[in-house]
file protein-v2.txt (compact mmCIF, C-alpha atoms)
# COMPACT_ATOMS: atom_id res chain seq x y z
CA MET A 1 -12.95 36.61 -4.61
CA ALA A 2 -15.46 39.27 -5.62
CA ASN A 3 -14.47 42.78 -6.66
CA LEU A 4 -14.98 44.81 -3.49
CA ASP A 5 -14.81 48.25 -5.14
CA ASP A 6 -16.38 51.55 -4.03
CA GLY A 7 -19.69 50.66 -5.69
CA ALA A 8 -19.87 47.39 -3.77
CA ARG A 9 -19.03 49.19 -0.54
CA SER A 10 -21.70 51.79 -1.15
CA SER A 11 -24.33 49.09 -1.83
CA ALA A 12 -23.19 47.15 1.24
CA GLU A 13 -23.47 50.31 3.35
CA GLN A 14 -27.09 50.81 2.26
CA ILE A 15 -27.96 47.17 2.96
CA ILE A 16 -26.30 47.26 6.40
CA ARG A 17 -28.05 50.52 7.35
CA ALA A 18 -31.43 49.21 6.20
CA GLU A 19 -30.97 45.91 8.05
CA ILE A 20 -29.93 47.62 11.29
CA THR A 21 -33.09 49.75 11.11
CA ARG A 22 -35.21 46.67 10.33
CA VAL A 23 -33.80 44.74 13.33
CA ALA A 24 -34.21 47.78 15.61
CA ASP A 25 -37.88 48.09 14.55
CA ASN A 26 -38.56 44.38 14.90
CA PRO A 27 -35.98 42.51 17.03
CA SER A 28 -37.87 39.21 16.56
CA ILE A 29 -36.33 39.01 13.05
CA VAL A 30 -33.26 37.60 14.84
CA LYS A 31 -34.80 34.31 15.87
CA GLY A 32 -34.24 32.41 19.13
CA ASN A 33 -30.71 32.80 20.39
CA GLY A 34 -29.48 33.83 16.94
CA CYS A 35 -26.60 36.24 16.38
CA ALA A 36 -27.57 39.79 15.37
CA ALA A 37 -24.20 40.50 13.72
CA CYS A 38 -24.40 37.27 11.69
CA HIS A 39 -27.95 38.22 10.66
CA VAL A 40 -26.66 41.44 9.08
CA LEU A 41 -23.66 39.61 7.60
CA PHE A 42 -25.87 37.01 5.89
CA ARG A 43 -28.22 39.74 4.64
CA VAL A 44 -25.21 41.36 2.89
CA LYS A 45 -24.17 37.96 1.53
CA GLU A 46 -27.64 37.20 0.12
CA ALA A 47 -28.38 40.68 -1.22
CA MET A 48 -25.02 41.09 -2.94
CA GLN A 49 -24.59 37.46 -3.99
CA VAL A 50 -21.06 37.26 -2.59
CA SER A 51 -19.27 34.66 -0.48
CA GLU A 52 -19.46 34.74 3.32
CA GLN A 53 -15.82 35.84 3.46
CA ASP A 54 -16.42 38.72 1.02
CA ALA A 55 -19.53 39.75 2.94
CA ALA A 56 -17.49 39.76 6.18
CA ASP A 57 -14.80 41.89 4.49
CA LEU A 58 -17.40 44.33 3.21
CA LEU A 59 -19.12 44.60 6.59
CA SER A 60 -15.80 45.17 8.33
CA GLU A 61 -14.60 47.79 5.82
CA VAL A 62 -17.88 49.69 5.78
CA LEU A 63 -18.00 49.84 9.58
CA LEU A 64 -14.34 50.85 9.78
CA ASP A 65 -14.91 53.81 7.45
CA ASN A 66 -18.24 54.93 8.91
CA GLN A 67 -18.14 55.61 12.66
CA PRO A 68 -21.84 56.58 13.05
CA LEU A 69 -22.87 53.32 11.35
CA ASN A 70 -20.36 51.44 13.54
CA ASP A 71 -22.13 53.00 16.58
CA GLU A 72 -25.57 51.99 15.28
CA PHE A 73 -24.35 48.46 14.58
CA ILE A 74 -22.94 47.90 18.07
CA SER A 75 -26.10 49.41 19.65
CA MET A 76 -28.17 46.87 17.73
CA VAL A 77 -25.89 44.01 18.88
CA GLU A 78 -26.15 45.20 22.51
CA GLN A 79 -29.93 45.55 22.26
CA ILE A 80 -30.37 41.95 21.04
CA HIS A 81 -27.54 40.11 22.84
CA MET A 82 -27.54 41.95 26.16
CA LYS A 83 -30.64 44.01 26.98
CA ALA A 84 -33.25 41.69 25.40
CA ARG A 85 -31.54 38.54 26.75
CA MET A 86 -30.71 40.04 30.17
CA MET A 87 -27.02 39.24 29.87
CA GLY A 88 -24.26 41.66 30.90
CA VAL A 89 -26.86 44.34 31.64
CA THR A 90 -24.53 46.23 33.98
CA PHE A 91 -22.23 46.73 30.98
CA ALA A 92 -25.01 47.41 28.49
CA ILE A 93 -26.47 50.32 30.51
CA LYS A 94 -23.12 52.15 30.79
CA SER A 95 -22.40 55.15 28.56
CA ARG A 96 -20.43 54.47 25.36
CA ASP A 97 -17.40 56.22 26.88
CA ALA A 98 -17.48 54.01 29.97
CA LYS A 99 -17.87 50.89 27.79
CA ASP A 100 -14.89 51.95 25.71
CA ARG A 101 -12.80 52.47 28.84
CA TYR A 102 -13.78 49.01 30.05
CA LEU A 103 -12.85 47.42 26.70
CA ASP A 104 -9.62 49.38 26.63
CA ALA A 105 -8.68 48.05 30.07
CA ASN A 106 -9.58 44.47 29.08
CA PHE A 107 -7.61 44.71 25.84
CA LYS A 108 -4.50 46.09 27.52
CA ASN A 109 -4.69 43.73 30.51
CA THR A 110 -4.94 40.65 28.31
CA LEU A 111 -1.99 41.75 26.17
CA SER A 112 0.06 42.46 29.31
CA GLU A 113 -0.84 39.05 30.76
CA LEU A 114 0.31 37.34 27.57
CA VAL A 115 3.61 39.26 27.53
CA SER A 116 4.08 38.39 31.18
CA ASP A 117 3.37 34.68 30.49
CA ALA A 118 5.85 34.70 27.61
CA SER A 119 8.59 36.31 29.68
CA VAL A 120 8.03 34.31 32.89
CA TYR A 121 7.17 30.87 31.48
CA GLY A 122 8.43 31.03 27.91
CA THR A 123 6.99 31.56 24.46
CA GLU A 124 5.80 27.97 24.06
CA ILE A 125 3.70 28.08 27.23
CA ALA A 126 2.07 31.38 26.21
CA LEU A 127 1.30 29.95 22.77
CA ARG A 128 0.02 26.67 24.24
CA LYS A 129 -2.45 28.71 26.29
CA LEU A 130 -3.67 30.51 23.14
CA PHE A 131 -3.92 27.27 21.13
CA LEU A 132 -5.85 25.45 23.87
CA SER A 133 -8.27 28.31 24.34
CA HIS A 134 -8.81 28.38 20.56
CA ILE A 135 -9.48 24.62 20.39
CA ALA A 136 -11.80 24.65 23.43
CA LEU A 137 -13.72 27.54 21.89
CA ASN A 138 -14.11 25.57 18.63
CA ILE A 139 -15.44 22.58 20.58
CA ALA A 140 -17.86 24.78 22.57
CA GLN A 141 -19.19 26.38 19.37
CA ASN A 142 -19.49 23.09 17.47
CA LEU A 143 -21.20 21.23 20.31
CA GLY A 144 -23.28 24.15 21.58
CA ILE A 145 -21.97 23.74 25.13
CA ASP A 146 -20.45 26.27 27.50
CA TYR A 147 -16.75 27.07 27.36
CA HIS A 148 -16.00 25.53 30.76
CA ALA A 149 -17.47 22.16 29.80
CA ALA A 150 -15.59 22.28 26.47
CA THR A 151 -12.33 23.02 28.29
CA GLU A 152 -12.86 20.08 30.64
CA GLU A 153 -13.64 17.72 27.73
CA LEU A 154 -10.49 18.90 25.97
CA TYR A 155 -8.32 18.45 29.07
CA TYR A 156 -9.81 15.00 29.70
CA TYR A 157 -8.88 14.02 26.13
CA MET A 158 -5.38 15.50 26.48
CA ARG A 159 -4.72 13.76 29.78
CA LYS A 160 -5.69 10.47 28.15
CA ASN A 161 -3.40 11.07 25.14
CA ASP A 162 -0.72 13.05 26.89
CA MET A 163 2.35 12.37 24.75
CA GLN A 164 0.56 12.38 21.40
CA THR A 165 -1.30 15.67 22.00
CA HIS A 166 1.84 17.25 23.42
CA ASP A 167 3.83 16.32 20.29
CA GLU A 168 1.13 17.57 17.92
CA MET A 169 0.77 20.82 19.82
CA MET A 170 4.52 21.44 19.95
CA GLN A 171 4.80 20.74 16.22
CA SER A 172 2.19 23.46 15.53
CA ILE A 173 3.88 25.89 17.90
CA ARG A 174 7.31 25.26 16.35
CA SER A 175 5.90 25.70 12.88
CA LEU A 176 4.38 29.07 13.86
CA LEU A 177 7.52 30.30 15.58
CA THR A 178 9.93 29.24 12.83
CA LYS A 179 7.91 30.88 10.07
CA ARG A 180 9.49 34.09 8.82
CA GLY A 181 7.66 37.25 7.90
CA VAL A 182 6.19 39.50 10.56
CA GLU A 183 4.96 42.96 9.65
CA LYS A 184 7.21 45.43 11.47
CA PRO A 185 5.34 47.78 13.82
CA MET B 1 -24.65 19.14 29.78
CA MET B 2 -27.50 16.72 30.50
CA GLN B 3 -29.06 18.78 33.32
CA LYS B 4 -28.72 22.06 31.42
CA MET B 5 -29.85 20.42 28.14
CA MET B 6 -26.80 21.68 26.27
CA GLY B 7 -24.89 19.55 23.76
CA VAL B 8 -27.07 16.54 24.63
CA THR B 9 -26.24 14.75 21.35
CA PHE B 10 -22.63 14.73 22.50
CA ALA B 11 -23.36 13.89 26.14
CA ILE B 12 -25.33 10.71 25.31
CA LYS B 13 -22.53 9.23 23.16
CA SER B 14 -20.28 6.50 24.58
CA ARG B 15 -16.96 7.62 26.08
CA GLU B 16 -15.18 6.07 23.10
CA ALA B 17 -17.27 8.02 20.59
CA LYS B 18 -16.71 11.20 22.59
CA GLY B 19 -12.97 10.48 22.52
CA ARG B 20 -13.05 10.07 18.74
CA TYR B 21 -15.03 13.31 18.35
CA LEU B 22 -12.57 15.23 20.53
CA ASP B 23 -9.66 13.66 18.67
CA SER B 24 -10.98 14.88 15.33
CA GLN B 25 -11.76 18.33 16.77
CA PHE B 26 -8.25 18.62 18.19
CA LYS B 27 -6.60 17.54 14.95
CA ASN B 28 -8.88 19.70 12.78
CA ALA B 29 -8.21 22.80 14.87
CA LEU B 30 -4.43 22.24 14.65
CA ASP B 31 -4.67 21.53 10.90
CA LYS B 32 -6.59 24.77 10.36
CA LEU B 33 -3.90 26.65 12.25
CA PHE B 34 -1.25 24.88 10.14
CA ALA B 35 -3.06 26.05 7.00
CA ASP B 36 -3.22 29.60 8.36
CA ILE B 37 0.50 29.49 9.19
CA ALA B 38 1.29 28.28 5.65
CA ASN B 39 -0.94 30.82 3.90
CA TYR B 40 -0.60 33.99 5.97
CA ARG B 41 2.08 35.94 7.83
CA VAL B 42 2.93 34.98 11.42
CA ASP B 43 1.37 38.15 12.83
CA VAL B 44 -1.93 37.37 11.09
CA VAL B 45 -2.14 33.95 12.77
CA PHE B 46 -1.14 35.45 16.11
CA ARG B 47 -3.72 38.18 15.68
CA LYS B 48 -6.48 35.61 15.14
CA LEU B 49 -5.50 33.68 18.26
CA ILE B 50 -5.06 36.77 20.42
CA MET B 51 -8.30 38.46 19.30
CA SER B 52 -10.27 35.29 20.00
CA TYR B 53 -8.57 35.04 23.41
CA ILE B 54 -9.40 38.66 24.31
CA ALA B 55 -13.02 38.27 23.17
CA LEU B 56 -13.29 35.18 25.35
CA GLU B 57 -11.94 37.12 28.35
CA ILE B 58 -14.47 39.91 27.75
CA ALA B 59 -17.31 37.37 27.44
CA GLN B 60 -16.31 35.70 30.70
CA ASN B 61 -15.79 38.97 32.58
CA LEU B 62 -19.08 40.51 31.43
CA GLY B 63 -21.16 37.32 31.41
CA ILE B 64 -22.20 37.85 27.79
CA ASP B 65 -22.07 35.47 24.84
CA TYR B 66 -18.91 35.14 22.75
CA ARG B 67 -20.50 36.71 19.63
CA ALA B 68 -21.48 39.88 21.48
CA ALA B 69 -18.04 40.05 23.09
CA THR B 70 -16.40 39.69 19.66
CA GLU B 71 -18.51 42.53 18.26
CA GLU B 72 -17.71 44.76 21.25
CA LEU B 73 -14.02 44.04 20.76
CA TYR B 74 -14.13 44.72 17.01
CA TYR B 75 -16.09 47.94 17.62
CA TYR B 76 -13.31 49.07 19.96
CA VAL B 77 -10.56 47.93 17.54
CA ARG B 78 -12.20 49.74 14.61
CA LYS B 79 -12.38 52.94 16.64
CA ARG B 80 -8.68 52.72 17.57
CA ASP B 81 -7.40 51.03 14.45
CA GLU B 82 -3.78 52.27 14.44
CA GLN B 83 -3.26 52.11 18.18
CA THR B 84 -4.62 48.57 18.63
CA ARG B 85 -2.74 47.32 15.55
CA ALA B 86 0.51 48.67 16.98
CA SER B 87 -0.16 47.09 20.40
CA LEU B 88 -0.91 43.71 18.84
CA LEU B 89 2.19 43.82 16.63
CA LYS B 90 4.33 44.82 19.59
CA LEU B 91 3.04 41.80 21.51
CA VAL B 92 3.62 39.46 18.55
CA MET B 93 7.18 40.74 18.08
CA SER B 94 7.84 40.42 21.79
CA ILE B 95 6.62 36.79 21.85
CA VAL B 96 8.30 35.79 18.59
CA ASP B 97 11.64 37.42 19.48
CA ARG B 98 11.78 35.50 22.77
CA SER B 99 11.46 32.17 20.99
CA LYS B 100 14.45 29.86 21.02
CA TYR B 101 13.47 28.77 17.51
CA ARG B 102 14.21 32.24 16.05
CA SER B 103 17.85 32.58 17.02

call {"tool": "encode", "arguments": {"input": "protein-v2.txt", "output": "structure tokens"}}
result
Amino acid sequence: MANLDDGARSSAEQIIRAEITRVADNPSIVKGNGCAACHVLFRVKEAMQVSEQDAADLLSEVLLDNQPLNDEFISMVEQIHMKARMMGVTFAIKSRDAKDRYLDANFKNTLSELVSDASVYGTEIALRKLFLSHIALNIAQNLGIDYHAATEELYYYMRKNDMQTHDEMMQSIRSLLTKRGVEKP
Amino acid sequence: MMQKMMGVTFAIKSREAKGRYLDSQFKNALDKLFADIANYRVDVVFRKLIMSYIALEIAQNLGIDYRAATEELYYYVRKRDEQTRASLLKLVMSIVDRSKYRS
């Protein structure tokens, strides 16, 4: 693990700011359906000669400490992923306040749904839902297919190997729930 | 997949090969979670699962890609660091405390 001191953060901040400006001036730098956030992340990684994990830590810490840069970063992501690709435009054209309210509602609703699942159906069912969504997402990303198709492939496989997948899943869930050590709120 | 030209290298495999691929994906994903459980605190593993789940919900609701949804979510979380951290921890505690394995 690299030494992520103040000097490293300051250098990372300059690289991130310069790259955001570069992408804003010439969006074609992010090729095809590439990811704008990953583009900046890999620029930090290459320029600072650190691992991907360290670059991700630096990016996250710099953006956490610098709200104006955080705003510029998300504007760049929206410009590339939404406006230029005509996806989620009704969200992209909202004011930042309205977007934040929307995200706030989504965040709180999802947490409430999970609490409700845990109390109505039980902890294991709520966790099974999270695990399956995580695995389907991995499959979708690895295969480059949409999430719905990945979910169906996963369910097909699980139906075919019902007992075995159930046992493996329950073992993971048990191991997570029996582990001690949760940071107290 | 075939009509939309997505994941064609997977779609043209035999059903058996697809089954083997899914089997390895399923086991790998669970193994990675096992490793996370062994190396980090419970709330860290929960946080990873829950954040990915919320980003997925945002992506589906807005019709945007998962990466953009993740960045929107992290932007929001960075802006409300303490508040979102407390909400997530509260949820984790509430789920963990309900478990029959923690009595």

call {"tool": "atom_distance", "arguments": {"input": "protein-v2.txt", "atom1": "CA of Gly7 in chain B", "atom2": "CA of Thr110 in chain A"}}
result
29.4 Å

call {"tool": "interface_residues", "arguments": {"input": "protein-v2.txt", "of": "chain B", "to": "chain A", "cutoff": "6 Å", "atoms": "only C-alpha atoms", "output": "JSON, numbers by chain"}}
result
{"B": [6, 7, 29, 41, 42, 43, 62, 63, 64, 78, 86, 89, 95, 99, 101]}

call {"tool": "residues_around", "arguments": {"input": "protein-v2.txt", "residues": "Thr70 in chain B", "least_positions_apart": "6", "cutoff": "10 Å", "atoms": "all atoms listed in the file", "output": "JSON, numbers by chain"}}
result
{"A": [37], "B": [51, 52, 53, 54, 55, 56, 58, 59, 76]}

call {"tool": "atom_distance", "arguments": {"input": "protein-v2.txt", "atom1": "CA of Lys48 in chain B", "atom2": "CA of Tyr75 in chain B"}}
result
15.8 Å

call {"tool": "atom_distance", "arguments": {"input": "protein-v2.txt", "atom1": "CA of Asp97 in chain B", "atom2": "CA of Glu82 in chain B"}}
result
22.0 Å

call {"tool": "closest_residue", "arguments": {"input": "protein-v2.txt", "among": "B:Gln60, B:Glu72, B:Val44, B:Asp65", "to": "Val92 in chain B", "atoms": "all atoms listed in the file"}}
result
B:Val44

call {"tool": "decode", "arguments": {"input": "protein-v2.txt", "residues": "range 27-45 of chain B", "atoms": "C-alpha atoms", "output": "short mmCIF file (atom, residue, chain, number, x, y, z; two decimals), in the first residue's frame"}}
result
data_model
loop_
_atom_site.label_atom_id
_atom_site.label_comp_id
_atom_site.auth_asym_id
_atom_site.auth_seq_id
_atom_site.Cartn_x
_atom_site.Cartn_y
_atom_site.Cartn_z
CA LYS B 27 -18.79 -19.75 -6.62
CA ASN B 28 -16.29 -16.93 -7.28
CA ALA B 29 -18.75 -14.27 -6.12
CA LEU B 30 -19.47 -16.21 -2.90
CA ASP B 31 -15.74 -16.83 -2.35
CA LYS B 32 -15.01 -13.12 -2.73
CA LEU B 33 -17.69 -12.36 -0.17
CA PHE B 34 -16.19 -15.01 2.12
CA ALA B 35 -12.80 -13.31 1.79
CA ASP B 36 -14.38 -9.93 2.57
CA ILE B 37 -16.13 -11.42 5.61
CA ALA B 38 -12.83 -12.89 6.85
CA ASN B 39 -10.79 -9.72 6.26
CA TYR B 40 -13.15 -6.88 7.16
CA ARG B 41 -15.80 -6.04 9.74
CA VAL B 42 -19.39 -7.19 9.16
CA ASP B 43 -20.63 -3.65 8.54
CA VAL B 44 -18.03 -3.17 5.80
CA VAL B 45 -19.28 -6.23 3.91
#
